[in-house]
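Each remark here refers to the structure printed beneath this line.
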Amino acid sequence: MGTTNSELEGLFEKKKRVKNPLVPIGALITAGVLTAGLISFKMGNSQLGQHLMRARVVAQGATVALMVGTAYYYGEKL
């Protein structure tokens with residue numbers, strides 16, 4: 001608990017750290033669609049809930065594809 005940022009930096013390799021702003025956006029979209037789907041199931045609208053769960057799978061797959069694609073793209077460059 002008492003480690004500083006410089007100590008933590010020493011634990012990791014000195015690589016260029018790349019942030020992909022689309023991954024957190026995709027995670028938020030996935031969480032939002034999941035929440036809307038669960039609410040629709042609770043309200044008794046199972047058909048809408050099923051559509052939203054399918055949309056969640058698509059959003060989650062796109063987020064994972066972004067993560068893998070970014071790791072592959074920047075992994076080759078470093």
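Just remember, in the structure tokens the first chain shown is A, the second B, etc., residues are 1-based per chain, and ligands are 1-based in the order shown.
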
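With only C-alpha atoms taken into account, the protein and nucleic acid residues at most 7 Å from Val23 in chain A (excluding it and anything under 5 positions from it in its own chain) are Thr63, Leu66 and Met67 of chain A.
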
Which residue is closest to Ala71 in chain A? Choose from A:Leu38, A:Ala55, A:Asn20, A:Val33 and count only C-alpha atoms.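 Answer, going by the shortest atom-to-atom distance: A:Asn20.
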
Item to complete: Identify, on the basis of only C-alpha atoms, every residue whose closest approach to Pro24 in chain A does not exceed 12 Å; exclude the query and any residue fewer than 2 positions from it along the same chain; express the result as a VMD selection string.
Response: chain A and resid 19 to 22 26 to 31 59 to 60 62 to 64 66 to 67

Name the residues in contact with Gly49 in chain A at a cut-off of 8 Å, using only C-alpha atoms, excluding same-chain residues fewer than 3 positions from it; report them as an NGL selection string. :A and (36-41 or 45-46 or 52-53)

Q) Suppose you want the space between CA of Gly75 in chain A and CA of Val58 in chain A; what is it in Å? A)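 Rounded to one decimal, the two atoms are 25.2 Å apart.
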
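Interatomic distance, CA of Gly32 in chain A against CA of Val68 in chain A: 22.0 Å.
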
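Here CA of Gly69 in chain A stands at a distance of 17.9 Å from CA of Val57 in chain A.
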